[in-house]
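Quick look at coords03.cif (mmCIF, C-alpha atoms):
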data_structure
#
loop_
_atom_site.label_atom_id
_atom_site.label_comp_id
_atom_site.auth_asym_id
_atom_site.auth_seq_id
_atom_site.Cartn_x
_atom_site.Cartn_y
_atom_site.Cartn_z
CA MET R 1 -13.00 35.47 -2.71
CA TYR R 2 -13.21 31.72 -2.13
CA LYS R 3 -15.51 31.25 -5.10
CA TYR R 4 -12.46 30.43 -7.21
CA LEU R 5 -11.85 27.15 -5.39
CA LEU R 6 -12.03 24.33 -7.89
CA PRO R 7 -14.48 21.52 -7.14
CA LEU R 8 -12.89 18.12 -6.98
CA TRP R 9 -15.10 16.46 -9.55
CA LEU R 10 -14.69 19.15 -12.21
CA ALA R 11 -10.93 18.71 -12.59
CA ALA R 12 -9.34 16.35 -15.09
CA TRP R 13 -6.90 14.48 -12.91
CA PRO R 14 -3.47 13.50 -14.26
CA ALA R 15 -2.33 9.91 -13.99
CA CYS R 16 0.25 10.85 -11.36
CA ALA R 17 1.42 13.92 -9.51
CA ARG R 18 4.11 15.93 -11.17
CA ALA R 19 5.90 19.06 -10.07
CA GLU R 20 4.62 22.27 -11.62
CA VAL R 21 6.62 25.43 -12.20
CA GLU R 22 4.48 28.53 -12.00
CA PRO R 23 5.21 31.51 -14.28
CA SER R 24 7.28 34.45 -13.07
CA ALA R 25 4.28 36.72 -12.59
CA PRO R 26 1.89 37.78 -9.84
CA LEU R 27 0.04 34.73 -8.54
CA THR R 28 -3.70 34.84 -7.88
CA LEU R 29 -5.51 32.57 -5.46
CA ARG R 30 -7.32 30.90 -8.34
CA ALA R 31 -4.03 30.14 -10.13
CA ALA R 32 -2.45 28.82 -6.93
CA LEU R 33 -5.36 26.46 -6.29
CA ALA R 34 -5.25 25.22 -9.89
CA LEU R 35 -1.54 24.40 -9.46
CA VAL R 36 -2.20 22.59 -6.18
CA VAL R 37 -5.14 20.57 -7.54
CA GLY R 38 -3.13 19.48 -10.57
CA ALA R 39 0.17 18.58 -8.96
CA ASN R 40 -0.24 17.90 -5.23
CA ALA R 41 1.27 14.54 -4.27
CA GLU R 42 -1.26 13.83 -1.50
CA LEU R 43 -4.16 14.25 -3.88
CA SER R 44 -2.44 12.05 -6.43
CA ALA R 45 -2.00 9.32 -3.81
CA ALA R 46 -5.70 9.52 -2.88
CA ARG R 47 -6.69 9.29 -6.54
CA HIS R 48 -4.56 6.16 -6.97
CA GLU R 49 -6.28 4.63 -3.95
CA LEU R 50 -9.67 5.29 -5.56
CA GLN R 51 -8.50 3.67 -8.79
CA ALA R 52 -7.27 0.69 -6.80
CA ALA R 53 -10.72 0.41 -5.22
CA ASP R 54 -12.19 0.19 -8.72
CA GLY R 55 -10.03 -2.86 -9.28
CA THR R 56 -11.25 -4.37 -6.01
CA VAL R 57 -14.87 -3.97 -7.12
CA ARG R 58 -14.11 -5.60 -10.44
CA GLN R 59 -12.32 -8.50 -8.81
CA ALA R 60 -15.07 -9.07 -6.25
CA GLY R 61 -17.63 -9.83 -8.95
CA LEU R 62 -15.62 -12.59 -10.60
CA PRO R 63 -16.68 -16.20 -10.00
CA PRO R 64 -14.12 -18.78 -8.82
CA ASN R 65 -12.08 -20.51 -11.50
CA PRO R 66 -12.68 -24.16 -12.40
CA THR R 67 -9.98 -26.75 -11.78
CA LEU R 68 -8.84 -29.29 -14.38
CA SER R 69 -7.22 -32.42 -13.00
CA LEU R 70 -5.67 -35.50 -14.63
CA GLU R 71 -5.19 -38.70 -12.66
CA ARG R 72 -3.46 -41.83 -13.97
CA THR R 73 -3.48 -45.23 -12.22
CA ASP R 74 -0.82 -47.85 -13.06
CA THR R 75 2.15 -47.23 -15.32
CA ARG R 76 1.52 -50.14 -17.70
CA ARG R 77 -0.21 -49.08 -20.86
CA ASP R 78 -2.45 -52.12 -21.12
CA THR R 79 -3.88 -51.93 -17.60
CA ARG R 80 -3.71 -48.24 -16.66
CA GLU R 81 -6.69 -46.03 -15.98
CA THR R 82 -6.82 -42.29 -16.80
CA THR R 83 -9.30 -39.92 -15.20
CA LEU R 84 -9.79 -36.39 -16.57
CA GLN R 85 -11.96 -34.22 -14.36
CA LEU R 86 -13.20 -30.64 -14.32
CA SER R 87 -14.23 -29.19 -10.94
CA GLN R 88 -16.25 -26.01 -10.58
CA PRO R 89 -16.84 -24.46 -7.13
CA LEU R 90 -20.38 -23.12 -6.68
CA GLU R 91 -20.67 -20.25 -4.21
CA LEU R 92 -23.78 -20.45 -2.04
CA GLY R 93 -25.34 -18.16 0.52
CA GLY R 94 -24.98 -14.94 -1.49
CA LYS R 95 -21.21 -14.76 -1.10
CA ARG R 96 -20.49 -13.04 -4.38
CA ALA R 97 -23.21 -10.41 -3.94
CA ALA R 98 -22.00 -9.67 -0.40
CA ARG R 99 -18.42 -9.47 -1.60
CA VAL R 100 -19.33 -7.03 -4.38
CA THR R 101 -21.33 -4.89 -1.97
CA ALA R 102 -18.38 -4.76 0.44
CA ALA R 103 -16.03 -3.78 -2.38
CA GLN R 104 -18.43 -1.03 -3.50
CA ARG R 105 -18.62 0.30 0.05
CA GLY R 106 -14.84 0.27 0.11
CA ARG R 107 -14.82 2.34 -3.06
CA ASP R 108 -17.25 4.76 -1.43
CA SER R 109 -14.80 5.13 1.45
CA ALA R 110 -11.93 5.76 -0.96
CA SER R 111 -14.02 8.39 -2.75
CA ALA R 112 -14.88 10.06 0.56
CA GLU R 113 -11.22 9.96 1.56
CA LEU R 114 -10.29 11.68 -1.69
CA ALA R 115 -12.91 14.39 -1.08
CA LEU R 116 -11.63 14.84 2.47
CA ARG R 117 -8.03 15.06 1.29
CA HIS R 118 -9.03 17.54 -1.40
CA ALA R 119 -10.74 19.76 1.19
CA ALA R 120 -7.71 19.59 3.49
CA VAL R 121 -5.18 20.36 0.75
CA ARG R 122 -7.34 23.16 -0.59
CA ALA R 123 -7.64 24.70 2.88
CA ASP R 124 -3.89 24.38 3.43
CA ALA R 125 -3.29 26.11 0.11
CA ILE R 126 -5.59 28.97 1.07
CA ASP R 127 -3.85 29.30 4.42
CA ALA R 128 -0.42 29.27 2.76
CA TYR R 129 -1.53 31.81 0.14
CA PHE R 130 -2.78 34.31 2.69
CA SER R 131 0.33 33.70 4.80
CA VAL R 132 2.34 34.89 1.79
CA MET R 133 0.10 37.92 1.45
CA ALA R 134 0.45 38.74 5.16
CA ALA R 135 4.23 38.32 4.94
CA GLN R 136 4.30 40.64 1.93
CA GLU R 137 2.41 43.26 3.92
CA HIS R 138 4.81 42.85 6.85
CA VAL R 139 7.73 43.48 4.51
CA ARG R 140 6.00 46.54 3.12
CA LEU R 141 5.30 47.70 6.66
CA ALA R 142 8.93 47.19 7.66
CA GLN R 143 10.07 49.13 4.61
CA GLU R 144 7.67 51.92 5.52
CA ALA R 145 9.02 51.90 9.05
CA GLY R 146 12.54 52.10 7.67
CA ASP R 147 11.64 55.15 5.61
CA LEU R 148 10.07 56.80 8.65
CA ALA R 149 13.11 56.01 10.77
CA GLN R 150 15.46 57.39 8.14
CA ARG R 151 13.46 60.63 7.91
CA ALA R 152 13.41 60.93 11.69
CA ALA R 153 17.18 60.37 11.82
CA ALA R 154 17.75 63.01 9.14
CA ALA R 155 15.52 65.50 10.93
CA THR R 156 17.34 64.83 14.19
CA GLY R 157 20.67 65.38 12.45
CA ARG R 158 19.52 68.74 11.19
CA ARG R 159 18.41 69.77 14.65
CA VAL R 160 21.75 68.70 16.10
CA VAL R 161 23.59 70.80 13.52
CA ALA R 162 21.34 73.73 14.42
CA GLY R 163 22.18 73.19 18.08
CA LYS R 164 18.56 72.59 19.09
CA VAL R 165 19.03 69.06 20.50
CA SER R 166 21.82 67.00 21.97
CA PRO R 167 23.90 64.68 19.73
CA VAL R 168 22.54 61.87 21.91
CA GLU R 169 19.20 62.31 20.18
CA GLU R 170 20.85 61.67 16.82
CA THR R 171 22.46 58.51 18.16
CA ARG R 172 19.09 57.30 19.38
CA ALA R 173 17.55 58.01 15.99
CA ARG R 174 20.21 56.05 14.14
CA VAL R 175 19.93 53.12 16.58
CA ALA R 176 16.16 53.11 15.98
CA ALA R 177 16.74 53.11 12.21
CA SER R 178 19.13 50.15 12.53
CA SER R 179 16.60 48.23 14.61
CA VAL R 180 13.99 48.73 11.91
CA GLN R 181 16.41 47.30 9.36
CA LEU R 182 16.68 44.15 11.47
CA GLU R 183 12.89 43.91 11.48
CA LEU R 184 12.95 44.22 7.71
CA MET R 185 15.42 41.34 7.45
CA ARG R 186 13.21 39.16 9.64
CA ALA R 187 10.13 40.06 7.60
CA ARG R 188 11.90 39.13 4.37
CA GLY R 189 12.97 35.80 5.87
CA THR R 190 9.38 35.08 6.90
CA LEU R 191 8.19 35.93 3.40
CA ALA R 192 10.76 33.61 1.81
CA GLY R 193 9.58 30.75 4.05
CA ALA R 194 5.92 31.42 3.27
CA ARG R 195 6.62 31.46 -0.47
CA LYS R 196 8.44 28.12 -0.28
CA ARG R 197 5.65 26.58 1.76
CA LEU R 198 3.08 27.61 -0.84
CA ALA R 199 5.12 26.52 -3.86
CA ALA R 200 5.94 23.17 -2.21
CA MET R 201 2.25 22.31 -2.36
CA TRP R 202 2.54 21.90 -6.14
CA GLY R 203 6.00 20.32 -5.93
CA ASN R 204 8.17 23.34 -6.74
CA PRO R 205 11.00 23.79 -4.18
CA ALA R 206 12.10 27.11 -5.71
CA PRO R 207 9.12 29.50 -6.08
CA ARG R 208 9.18 31.73 -9.15
CA PHE R 209 6.05 33.83 -8.73
CA GLU R 210 6.71 37.50 -8.04
CA ARG R 211 4.09 37.98 -5.36
CA ALA R 212 0.67 36.83 -4.22
CA ASP R 213 -1.78 39.10 -6.01
CA GLY R 214 -4.87 39.76 -3.94
CA VAL R 215 -6.52 41.90 -1.29
CA ILE R 216 -5.93 40.64 2.23
CA ASP R 217 -8.23 43.07 4.03
CA VAL R 218 -11.43 41.83 2.34
CA LEU R 219 -12.90 39.16 4.59
CA PRO R 220 -15.56 36.68 3.44
CA SER R 221 -18.95 36.59 5.12
CA LEU R 222 -20.25 33.62 7.07
CA PRO R 223 -23.77 32.43 7.87
CA ASP R 224 -24.78 31.76 11.46
CA GLN R 225 -23.52 28.73 13.36
CA ALA R 226 -26.85 26.90 13.09
CA THR R 227 -26.63 26.97 9.30
CA LEU R 228 -23.03 25.78 9.38
CA ARG R 229 -23.97 22.88 11.65
CA GLN R 230 -26.59 21.80 9.13
CA ARG R 231 -23.97 21.85 6.39
CA LEU R 232 -21.68 19.78 8.59
CA GLU R 233 -23.79 16.71 7.84
CA ARG R 234 -22.67 16.96 4.19
CA SER R 235 -18.99 17.42 5.01
CA PRO R 236 -16.36 15.02 3.60
CA ALA R 237 -15.30 13.92 7.09
CA MET R 238 -18.86 12.92 7.98
CA ALA R 239 -19.27 11.19 4.62
CA LEU R 240 -16.08 9.24 5.27
CA ALA R 241 -17.21 8.15 8.74
CA ARG R 242 -20.61 7.05 7.42
CA SER R 243 -19.09 5.21 4.46
CA GLU R 244 -16.64 3.45 6.78
CA LEU R 245 -19.56 2.25 8.91
CA ALA R 246 -21.34 1.00 5.78
CA ARG R 247 -18.15 -0.74 4.66
CA ARG R 248 -17.78 -2.50 7.99
CA GLN R 249 -21.41 -3.60 7.88
CA ALA R 250 -20.90 -4.99 4.38
CA LEU R 251 -17.74 -6.82 5.48
CA ALA R 252 -19.67 -8.28 8.41
CA GLN R 253 -22.26 -9.60 5.96
CA VAL R 254 -19.46 -11.19 3.92
CA GLU R 255 -18.31 -13.10 6.98
CA VAL R 256 -21.88 -14.23 7.68
CA THR R 257 -22.25 -15.64 4.16
CA ARG R 258 -19.02 -17.57 4.57
CA ARG R 259 -20.71 -19.71 7.21
CA THR R 260 -22.59 -21.41 4.38
CA PRO R 261 -20.34 -24.09 2.79
CA ASP R 262 -19.81 -24.07 -0.97
CA LEU R 263 -20.44 -26.96 -3.32
CA THR R 264 -17.93 -28.23 -5.81
CA PHE R 265 -19.36 -29.89 -8.93
CA ASN R 266 -17.14 -32.42 -10.65
CA VAL R 267 -17.54 -33.72 -14.18
CA GLY R 268 -15.15 -35.74 -16.28
CA SER R 269 -14.31 -39.06 -17.87
CA LYS R 270 -12.49 -42.22 -16.84
CA ARG R 271 -10.66 -44.32 -19.46
CA SER R 272 -9.82 -47.95 -18.67
CA GLU R 273 -7.31 -49.44 -21.12
CA GLU R 274 -7.79 -52.92 -19.72
CA LEU R 275 -11.56 -52.84 -20.28
CA GLY R 276 -11.27 -50.71 -23.38
CA ARG R 277 -14.01 -48.28 -22.43
CA THR R 278 -14.53 -44.70 -21.26
CA GLN R 279 -16.97 -43.83 -18.51
CA ALA R 280 -18.43 -40.48 -17.49
CA VAL R 281 -17.68 -39.30 -13.97
CA PHE R 282 -19.90 -36.95 -11.98
CA GLY R 283 -19.68 -35.84 -8.41
CA LEU R 284 -20.43 -33.25 -5.75
CA SER R 285 -18.35 -32.34 -2.76
CA VAL R 286 -19.15 -30.13 0.19
CA PRO R 287 -17.13 -29.34 3.33
CA LEU R 288 -18.72 -30.36 6.61
CA PRO R 289 -18.80 -27.38 9.01
CA PHE R 290 -18.23 -29.40 12.16
CA PHE R 291 -15.51 -27.23 13.68
CA ASP R 292 -14.90 -24.12 11.56
CA ARG R 293 -18.13 -22.22 11.03
CA ASN R 294 -16.32 -18.91 10.60
CA GLN R 295 -17.55 -17.93 14.05
CA GLY R 296 -14.36 -16.05 14.96
CA ASN R 297 -14.45 -13.85 11.87
CA VAL R 298 -18.16 -13.17 12.35
CA LEU R 299 -17.52 -12.01 15.91
CA GLU R 300 -14.57 -9.86 14.82
CA SER R 301 -16.55 -8.19 12.03
CA ALA R 302 -19.47 -7.50 14.38
CA ARG R 303 -17.21 -5.76 16.88
CA ARG R 304 -15.62 -3.73 14.09
CA VAL R 305 -19.09 -2.55 13.10
CA ASP R 306 -19.57 -1.39 16.68
CA LYS R 307 -16.22 0.36 16.52
CA ALA R 308 -17.13 2.16 13.28
CA ARG R 309 -20.45 3.24 14.80
CA ASP R 310 -18.65 4.70 17.82
CA GLU R 311 -16.13 6.41 15.53
CA LEU R 312 -19.00 8.00 13.61
CA GLU R 313 -20.42 9.39 16.83
CA ALA R 314 -16.98 10.60 17.94
CA ALA R 315 -16.36 12.23 14.56
CA THR R 316 -19.69 14.06 14.80
CA LEU R 317 -18.81 15.51 18.19
CA ARG R 318 -15.24 16.34 17.19
CA LEU R 319 -16.22 18.10 13.97
CA ASP R 320 -18.95 20.07 15.70
CA THR R 321 -16.41 21.24 18.30
CA GLU R 322 -13.82 22.11 15.65
CA LEU R 323 -16.40 24.00 13.61
CA SER R 324 -17.54 26.00 16.64
CA GLN R 325 -13.95 26.85 17.53
CA ALA R 326 -13.09 27.91 13.99
CA TYR R 327 -16.22 30.04 13.85
CA GLU R 328 -15.29 31.76 17.13
CA ASP R 329 -11.72 32.27 15.93
CA PHE R 330 -12.99 33.88 12.74
CA ASP R 331 -15.45 36.10 14.55
CA VAL R 332 -12.85 37.27 17.09
CA ALA R 333 -10.24 37.96 14.40
CA ARG R 334 -12.81 39.79 12.29
CA GLN R 335 -13.90 41.97 15.22
CA GLN R 336 -10.27 42.73 16.03
CA ALA R 337 -9.55 43.70 12.44
CA LEU R 338 -12.60 45.96 12.30
CA ALA R 339 -11.69 47.64 15.60
CA LEU R 340 -8.10 48.20 14.51
CA ARG R 341 -9.12 49.55 11.12
CA GLY R 342 -11.93 51.73 12.44
CA ASP R 343 -10.51 53.21 15.64
CA ILE R 344 -6.99 52.22 16.59
CA LEU R 345 -5.15 52.69 13.31
CA PRO R 346 -6.56 56.17 12.58
CA GLY R 347 -5.75 57.26 16.15
CA ALA R 348 -2.22 55.88 16.01
CA GLN R 349 -1.64 57.53 12.63
CA SER R 350 -2.93 60.86 13.92
CA ALA R 351 -0.71 60.64 17.02
CA TYR R 352 2.34 59.90 14.91
CA ASP R 353 1.62 62.74 12.49
CA ALA R 354 1.20 65.17 15.37
CA ALA R 355 4.38 64.00 17.11
CA SER R 356 6.38 64.13 13.88
CA THR R 357 5.15 67.64 13.03
CA GLY R 358 5.75 68.83 16.57
CA PHE R 359 9.26 67.41 16.51
CA GLU R 360 10.00 69.34 13.33
CA TYR R 361 8.98 72.55 15.11
CA GLY R 362 10.77 71.67 18.33
CA LYS R 363 7.65 71.07 20.41
CA PHE R 364 8.32 67.37 21.06
CA GLY R 365 11.42 65.34 21.72
CA PHE R 366 12.64 62.45 19.61
CA LEU R 367 11.49 59.92 22.19
CA ASP R 368 7.91 61.15 21.68
CA VAL R 369 8.24 60.60 17.93
CA LEU R 370 9.81 57.20 18.45
CA ASP R 371 7.06 56.14 20.84
CA ALA R 372 4.34 57.31 18.42
CA GLN R 373 6.06 55.50 15.56
CA ARG R 374 6.27 52.26 17.52
CA THR R 375 2.61 52.53 18.45
CA LEU R 376 1.61 53.03 14.83
CA LEU R 377 3.72 50.17 13.54
CA GLN R 378 2.49 47.88 16.29
CA ALA R 379 -1.13 48.71 15.42
CA LYS R 380 -0.51 48.00 11.74
CA SER R 381 1.20 44.72 12.60
CA GLN R 382 -1.71 43.71 14.84
CA TYR R 383 -4.11 44.54 12.02
CA LEU R 384 -2.22 42.31 9.61
CA ASN R 385 -2.09 39.50 12.18
CA ALA R 386 -5.84 39.79 12.77
CA LEU R 387 -6.50 39.57 9.03
CA ALA R 388 -4.21 36.55 8.72
CA ASP R 389 -5.96 34.87 11.67
CA ALA R 390 -9.36 35.52 10.09
CA HIS R 391 -8.31 33.96 6.77
CA ARG R 392 -6.72 31.05 8.63
CA ALA R 393 -9.96 30.42 10.53
CA MET R 394 -11.90 30.70 7.27
CA ALA R 395 -9.64 28.08 5.74
CA ALA R 396 -10.25 25.82 8.74
CA ILE R 397 -14.02 26.14 8.23
CA SER R 398 -13.57 25.34 4.56
CA ARG R 399 -11.53 22.26 5.51
CA ILE R 400 -14.19 21.02 7.93
CA LEU R 401 -17.19 21.63 5.68
CA GLY R 402 -15.48 20.90 2.38
CA GLU R 403 -17.35 23.84 0.86
CA GLU R 404 -16.49 27.04 -0.92
CA HIS R 405 -17.36 30.30 0.79
CA GLU R 406 -17.75 33.79 -0.50
#
As structure tokens, what does this structure read like?
Amino acid sequence: MYKYLLPLWLAAWPACARAEVEPSAPLTLRAALALVVGANAELSAARHELQAADGTVRQAGLPPNPTLSLERTDTRRDTRETTLQLSQPLELGGKRAARVTAAQRGRDSASAELALRHAAVRADAIDAYFSVMAAQEHVRLAQEAGDLAQRAAAATGRRVVAGKVSPVEETRARVAASSVQLELMRARGTLAGARKRLAAMWGNPAPRFERADGVIDVLPSLPDQATLRQRLERSPAMALARSELARRQALAQVEVTRRTPDLTFNVGSKRSEELGRTQAVFGLSVPLPFFDRNQGNVLESARRVDKARDELEAATLRLDTELSQAYEDFDVARQQALALRGDILPGAQSAYDAASTGFEYGKFGFLDVLDAQRTLLQAKSQYLNALADAHRAMAAISRILGEEHE
């Protein structure tokens, strides 16, 4: 089911996010993800950040500009001297190479951030999509309950007319039918909210799609936890933490290279009107690192490397914990769904059918039918909730690993 998720690097990204309006037709998961990938504002922002990092890399490789200076001594034409000089700073100590490396590591971090954001948005879209599907099923279930309640109320009315039961039973039946209508109203409100949440992910505040078209009771399979932990090393969050450590190390190297002073080469000419001659001027200048040896920035960058290393370790532990929890949540929800579908739902349906048939023949009272109906509807609702929890846990695993799952 999740095989339709679109890989980040296979999409042709637009220059900026723009709101999309989906067609008025059933919406598949594949179509919903395509809308989200193409128009989500968070993804667009992350793409702009990556493009900005490209500019940083380009700028880091440029050498410093030369300086042209003109100096004139004396205001009298016959005795004045004019000096024209070109100064070119010469970077020493590998500053430019270190700066380019740091910029490239920054681009790697921006790319990892984009991949992480893509995985998160994709997982949120999957969660929102299956929330719509679950809400649709709850509406259908409420409508089914309404039909059952109406039939029970009609049957009770006939028995009252025949003098077989008290009119109180009919009142109870109609109250039960009204309560089911309230449940239907709540289910429709939940569905409307779920639809808006999904459509908002591609910038459409007024969803047009008719319904989410899919099968909610087909759950994907998962490998064992050991295999998932191995895949965790390739996750976007781990890639981001490692790239951030590499970026900090590169920035620390930049600060180390700045301890080496740069030379400035000067070349020019000096024109003396009084002597009537022009002389060439050459020179070198270098700052003397008596006081400022960039020691504060070197210390700061070293401690930030330590911080990034600790953050990498913390991210590893956090992601492993989140993955284990999501796996347990999925397994529990899946087992609940299987138990409800295999044992509880058939039993509840059989009990309701027996109570309803017995009520028609006068063997059971209306309260027995009502109790059996509530049990059946509660079991169906629990089944839908278990399915929704399983898909939600699956989306969480997809967010953590940044992978597509069957």
Give me the residues near stretch 127-140 of chain R as a count of residues only, where near means some atom within 10 Å (using only C-alpha atoms) and where sequence neighbours in that chain fewer than 4 positions away do not count. 52
Between atom CA of R:Ala110 and atom CA of R:Gly93, what distance in Å does the model show, to one decimal? 27.5 Å
Neighbour list for R:Ala46 as a count of residues only, cut-off 9 Å, all atoms listed in the file, skip fewer than 2 positions in-chain: 15
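What the PyMOL selection byres ((chain R and resi 369) around 10) matches in the given file is Ala149, Ala152, Ala173, Ala351, Tyr352, Asp353, Ala354, Ala355, Ser356, Thr357, Gly358, Phe359, Phe364, Gly365, Phe366, Leu367, Asp368, Leu370, Asp371, Ala372, Gln373, Arg374 and Thr375 of chain R.
Between R:Glu71 and the residues R:Lys307, R:Arg47, R:Arg229, R:Arg271, the shortest atom-to-atom distance, using only C-alpha atoms, involves R:Arg271.
Using all atoms listed in the file, the nearest neighbour of R:Ala142 within the list R:Leu376, R:Ala337, R:Ala326, R:Ala119 is R:Leu376.
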From the options R:Leu90, R:Gln382, R:Pro167, R:Leu84, which residue's atoms come nearest to R:Asn65, counting only C-alpha atoms? R:Leu90
Target residues per the PyMOL selection byres ((chain R and resi 106) around 12), formatted as a PyMOL selection string: chain R and resi 49-57+60+99-105+107-113+240-251
To one decimal in Å, tell me the separation between atom CA of R:Ser324 and atom CA of R:Arg341. 25.6 Å
